[in-house]
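S.K.: Once you've had a glance at the structure underneath, I'll fire off some questions.
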Amino acid sequence: MKDLAIVFGRAPRLGTGKRRLAREIGDRAALRFHGAQLNGLLRRLGRDRRWHTILAVTPDRAFVRVPHGVTVMDQGRGDLGARMRRALACGRRAVLVGCDIPDIGPADIAAAFAALGRTDAVFGPAEDGGYWLVGLGPRRPARPFAGARWSSPDALADTLRNFVRYRVAFVRRRRDVDTLADLIATGAQPV
């Protein structure tokens, strides 16, 4: 079975995503940013033949136009951890990323899969205490995200508690875009 690169994203709809960013730059600008980030990421990852790219979308059954070769699946019900666990279970080796980190590319996914060649899990730490990437190999906890306090500075530390008996690697630290300050710090344009 081919490795899976999973992009976790919300269907681009006015007023439904990037709420903190939208409060600062407006709903339309936040939607343009989100749509451009999602589409660009799917194009970059979907062209690479080393893995199969999947968009795990919310809300379920939302229509999202994706590049040729990219599959769409619903995230399903449950909290963020339950939805991520279910998506990652689709592959023997799978790497999941969000769509709000500018300039993620094939090299980032390849580095994560290389780390999975010698470990059980890989994380991409985020500047805010969370993580922008998680990858799991075949040996993994039954509940890898149990107890994680999402959207907090403790999200990565909470998750790592579930991996104490597993080999873990890290790829480079990145900053996700939740606010105007994040947008400016990453050098990304609101489009």
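A note on labels: chains of the structure tokens are A, B, ... as shown, every chain counts residues from 1, and ligands are counted from 1 in their shown order.
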Would you pick out the contacts of A:Gly46 at 6 Å or less, using only C-alpha atoms, so that residues sharing its chain but fewer than 4 positions from it are not included, and give the list as a tab-separated table (two decimals) with C-alpha atoms, in the first residue's frame?
M.R.:
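For reference, result.tsv as written:
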chain	number	residue	atom	x	y	z
A	42	LEU	CA	-3.05	20.13	-2.60
A	53	THR	CA	-2.64	12.67	-1.35
A	70	VAL	CA	-6.17	13.87	-5.00
S.K.: May I have the residues within 10 Å of stretch 135-140 of chain A as a PyMOL selection string, using only C-alpha atoms and disregarding those fewer than 4 positions away in the same chain?
M.R.: chain A and resi 3-6+85+88-89+91-97+109+112-113+115-124+144+162-163+165-170
S.K.: Write a file of the selected residues as an mmCIF file, in the first residue's frame, keeping C-alpha atoms.
M.R.:
data_model
loop_
_atom_site.group_PDB
_atom_site.id
_atom_site.type_symbol
_atom_site.label_atom_id
_atom_site.label_comp_id
_atom_site.auth_asym_id
_atom_site.auth_seq_id
_atom_site.Cartn_x
_atom_site.Cartn_y
_atom_site.Cartn_z
ATOM 1 C CA ASP A 3 2.106 5.994 1.836
ATOM 2 C CA LEU A 4 -0.626 8.570 2.483
ATOM 3 C CA ALA A 5 -0.232 12.345 2.744
ATOM 4 C CA ILE A 6 -3.419 13.632 4.357
ATOM 5 C CA ARG A 85 -6.961 9.127 14.360
ATOM 6 C CA LEU A 88 -4.432 8.296 9.891
ATOM 7 C CA ALA A 89 -5.846 4.762 10.224
ATOM 8 C CA GLY A 91 -2.785 3.925 5.820
ATOM 9 C CA ARG A 92 -0.026 1.745 7.184
ATOM 10 C CA ARG A 93 2.194 4.850 7.068
ATOM 11 C CA ALA A 94 0.424 8.191 6.958
ATOM 12 C CA VAL A 95 1.388 11.823 7.466
ATOM 13 C CA LEU A 96 -1.266 14.419 8.262
ATOM 14 C CA VAL A 97 -0.856 18.196 7.929
ATOM 15 C CA ILE A 109 6.309 15.269 3.711
ATOM 16 C CA ALA A 112 8.384 12.987 7.743
ATOM 17 C CA PHE A 113 8.254 9.678 5.858
ATOM 18 C CA ALA A 115 11.677 9.787 9.929
ATOM 19 C CA LEU A 116 8.945 7.126 9.949
ATOM 20 C CA GLY A 117 11.497 4.761 8.423
ATOM 21 C CA ARG A 118 13.291 4.671 11.785
ATOM 22 C CA THR A 119 10.587 5.676 14.304
ATOM 23 C CA ASP A 120 6.950 4.968 15.130
ATOM 24 C CA ALA A 121 5.729 8.558 14.973
ATOM 25 C CA VAL A 122 6.860 11.966 13.763
ATOM 26 C CA PHE A 123 5.680 15.432 14.763
ATOM 27 C CA GLY A 124 6.197 18.877 13.334
ATOM 28 C CA PRO A 144 -2.819 8.614 20.030
ATOM 29 C CA ASN A 162 0.445 8.908 24.609
ATOM 30 C CA PHE A 163 3.753 7.998 22.918
ATOM 31 C CA ARG A 165 6.517 3.607 24.738
ATOM 32 C CA TYR A 166 7.099 4.583 21.121
ATOM 33 C CA ARG A 167 10.015 5.988 19.158
ATOM 34 C CA VAL A 168 9.263 9.596 18.169
ATOM 35 C CA ALA A 169 11.053 11.966 15.801
ATOM 36 C CA PHE A 170 10.557 15.633 15.031
#
S.K.: Quick one: residues within 9 Å of stretch 23-40 of chain A, only C-alpha atoms, excluding same-chain residues fewer than 6 positions away - as a ChimeraX atom specification?
M.R.: /A:7,9-17,65-67,98-103,179-180,188-191
S.K.: Write the selection just made, keeping N, CA and C atoms, as a short mmCIF file (atom, residue, chain, number, x, y, z; two decimals), in the first residue's frame?
M.R.:
data_model
loop_
_atom_site.label_atom_id
_atom_site.label_comp_id
_atom_site.auth_asym_id
_atom_site.auth_seq_id
_atom_site.Cartn_x
_atom_site.Cartn_y
_atom_site.Cartn_z
N VAL A 7 -4.20 15.88 3.99
CA VAL A 7 -4.37 17.30 4.30
C VAL A 7 -5.69 17.44 5.02
N GLY A 9 -8.55 19.75 6.29
CA GLY A 9 -9.01 21.09 5.99
C GLY A 9 -10.50 21.25 6.05
N ARG A 10 -10.88 22.48 6.24
CA ARG A 10 -12.28 22.89 6.21
C ARG A 10 -12.59 23.32 4.78
N ALA A 11 -13.76 22.94 4.28
CA ALA A 11 -14.17 23.38 2.95
C ALA A 11 -14.21 24.91 2.95
N PRO A 12 -13.61 25.55 1.95
CA PRO A 12 -13.60 27.02 1.92
C PRO A 12 -15.01 27.58 1.72
N ARG A 13 -15.54 28.18 2.76
CA ARG A 13 -16.86 28.79 2.73
C ARG A 13 -16.80 30.09 3.53
N LEU A 14 -17.41 31.13 3.02
CA LEU A 14 -17.39 32.44 3.67
C LEU A 14 -17.95 32.35 5.08
N GLY A 15 -17.17 32.83 6.05
CA GLY A 15 -17.62 32.92 7.43
C GLY A 15 -17.52 31.64 8.24
N THR A 16 -16.90 30.59 7.69
CA THR A 16 -16.87 29.32 8.43
C THR A 16 -15.50 28.91 8.94
N GLY A 17 -14.45 29.52 8.47
CA GLY A 17 -13.12 29.10 8.89
C GLY A 17 -12.22 30.29 9.17
N ARG A 65 -13.30 21.34 -4.90
CA ARG A 65 -12.58 21.01 -6.14
C ARG A 65 -11.13 20.74 -5.80
N VAL A 66 -10.62 19.60 -6.23
CA VAL A 66 -9.24 19.21 -5.92
C VAL A 66 -8.50 18.88 -7.21
N PRO A 67 -7.18 18.98 -7.19
CA PRO A 67 -6.40 18.62 -8.37
C PRO A 67 -6.54 17.14 -8.71
N GLY A 98 -2.06 20.20 8.52
CA GLY A 98 -3.11 21.19 8.37
C GLY A 98 -2.83 22.01 7.13
N CYS A 99 -3.76 22.89 6.80
CA CYS A 99 -3.58 23.69 5.58
C CYS A 99 -3.33 25.16 5.90
N ASP A 100 -2.94 25.46 7.13
CA ASP A 100 -2.71 26.87 7.48
C ASP A 100 -1.24 27.18 7.78
N ILE A 101 -0.35 26.39 7.20
CA ILE A 101 1.09 26.64 7.33
C ILE A 101 1.61 26.96 5.93
N PRO A 102 1.94 28.21 5.66
CA PRO A 102 2.41 28.57 4.33
C PRO A 102 3.67 27.80 3.95
N ASP A 103 3.74 27.45 2.71
CA ASP A 103 4.93 26.85 2.10
C ASP A 103 5.24 25.42 2.51
N THR A 179 -3.72 34.24 13.25
CA THR A 179 -3.98 35.66 13.46
C THR A 179 -3.22 36.49 12.43
N LEU A 180 -3.49 37.77 12.41
CA LEU A 180 -2.77 38.68 11.53
C LEU A 180 -1.29 38.70 11.88
N ALA A 188 3.51 35.42 4.65
CA ALA A 188 2.46 35.07 3.69
C ALA A 188 1.61 36.29 3.37
N GLN A 189 1.01 36.27 2.23
CA GLN A 189 0.13 37.35 1.80
C GLN A 189 -1.32 36.93 1.98
N PRO A 190 -2.20 37.85 2.40
CA PRO A 190 -3.61 37.48 2.57
C PRO A 190 -4.35 37.26 1.26
N VAL A 191 -3.70 37.43 0.13
CA VAL A 191 -4.22 37.21 -1.22
C VAL A 191 -5.23 38.25 -1.62
#
S.K.: Compile the contact shell of A:Arg149 as an mmCIF file with C-alpha atoms, in the first residue's frame: residues with an atom at most 10 Å away, counting only C-alpha atoms, same-chain residues fewer than 6 positions apart removed.
M.R.:
data_model
loop_
_atom_site.group_PDB
_atom_site.id
_atom_site.type_symbol
_atom_site.label_atom_id
_atom_site.label_comp_id
_atom_site.auth_asym_id
_atom_site.auth_seq_id
_atom_site.Cartn_x
_atom_site.Cartn_y
_atom_site.Cartn_z
ATOM 1 C CA GLY A 81 -8.251 13.823 17.893
ATOM 2 C CA GLY A 130 0.765 22.552 19.013
ATOM 3 C CA ALA A 155 -1.358 20.249 22.653
ATOM 4 C CA LEU A 156 1.969 18.691 21.625
ATOM 5 C CA ALA A 157 3.061 17.871 25.187
ATOM 6 C CA ASP A 158 -0.346 16.300 25.914
ATOM 7 C CA THR A 159 -0.154 14.186 22.755
#
S.K.: Find the spatial neighbours of A:Asp79, counting only C-alpha atoms, within a cut-off of 12 Å - ignore same-chain residues fewer than 6 positions away - and output them as a PDB file with N, CA and C atoms, in the first residue's frame.
M.R.:
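Written out: result38.pdb:
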ATOM      1  N   THR A  58     -13.968  18.805   6.206  1.00  0.00           N
ATOM      2  CA  THR A  58     -15.134  19.057   7.038  1.00  0.00           C
ATOM      3  C   THR A  58     -15.799  20.321   6.495  1.00  0.00           C
ATOM      4  N   ARG A  85      -7.269  10.560  14.194  1.00  0.00           N
ATOM      5  CA  ARG A  85      -6.961   9.127  14.360  1.00  0.00           C
ATOM      6  C   ARG A  85      -7.607   8.313  13.253  1.00  0.00           C
ATOM      7  N   ARG A  86      -8.863   8.608  12.949  1.00  0.00           N
ATOM      8  CA  ARG A  86      -9.581   7.882  11.905  1.00  0.00           C
ATOM      9  C   ARG A  86      -8.923   8.096  10.535  1.00  0.00           C
ATOM     10  N   PHE A 145      -4.296  10.504  20.436  1.00  0.00           N
ATOM     11  CA  PHE A 145      -4.561  11.913  20.741  1.00  0.00           C
ATOM     12  C   PHE A 145      -5.404  12.095  22.001  1.00  0.00           C
ATOM     13  N   ALA A 146      -5.524  11.045  22.809  1.00  0.00           N
ATOM     14  CA  ALA A 146      -6.324  11.112  24.033  1.00  0.00           C
ATOM     15  C   ALA A 146      -5.769  12.174  24.980  1.00  0.00           C
ATOM     16  N   GLY A 147      -6.640  12.973  25.518  1.00  0.00           N
ATOM     17  CA  GLY A 147      -6.251  13.961  26.514  1.00  0.00           C
ATOM     18  C   GLY A 147      -5.597  15.223  25.965  1.00  0.00           C
ATOM     19  N   ALA A 148      -5.505  15.359  24.659  1.00  0.00           N
ATOM     20  CA  ALA A 148      -4.874  16.569  24.101  1.00  0.00           C
ATOM     21  C   ALA A 148      -5.791  17.776  24.295  1.00  0.00           C
ATOM     22  N   ARG A 149      -5.201  18.834  24.796  1.00  0.00           N
ATOM     23  CA  ARG A 149      -5.927  20.096  24.923  1.00  0.00           C
ATOM     24  C   ARG A 149      -5.665  20.892  23.650  1.00  0.00           C
ATOM     25  N   TRP A 150      -6.612  20.768  22.715  1.00  0.00           N
ATOM     26  CA  TRP A 150      -6.456  21.382  21.401  1.00  0.00           C
ATOM     27  C   TRP A 150      -6.488  22.893  21.509  1.00  0.00           C
TER      28      TRP A 150
END
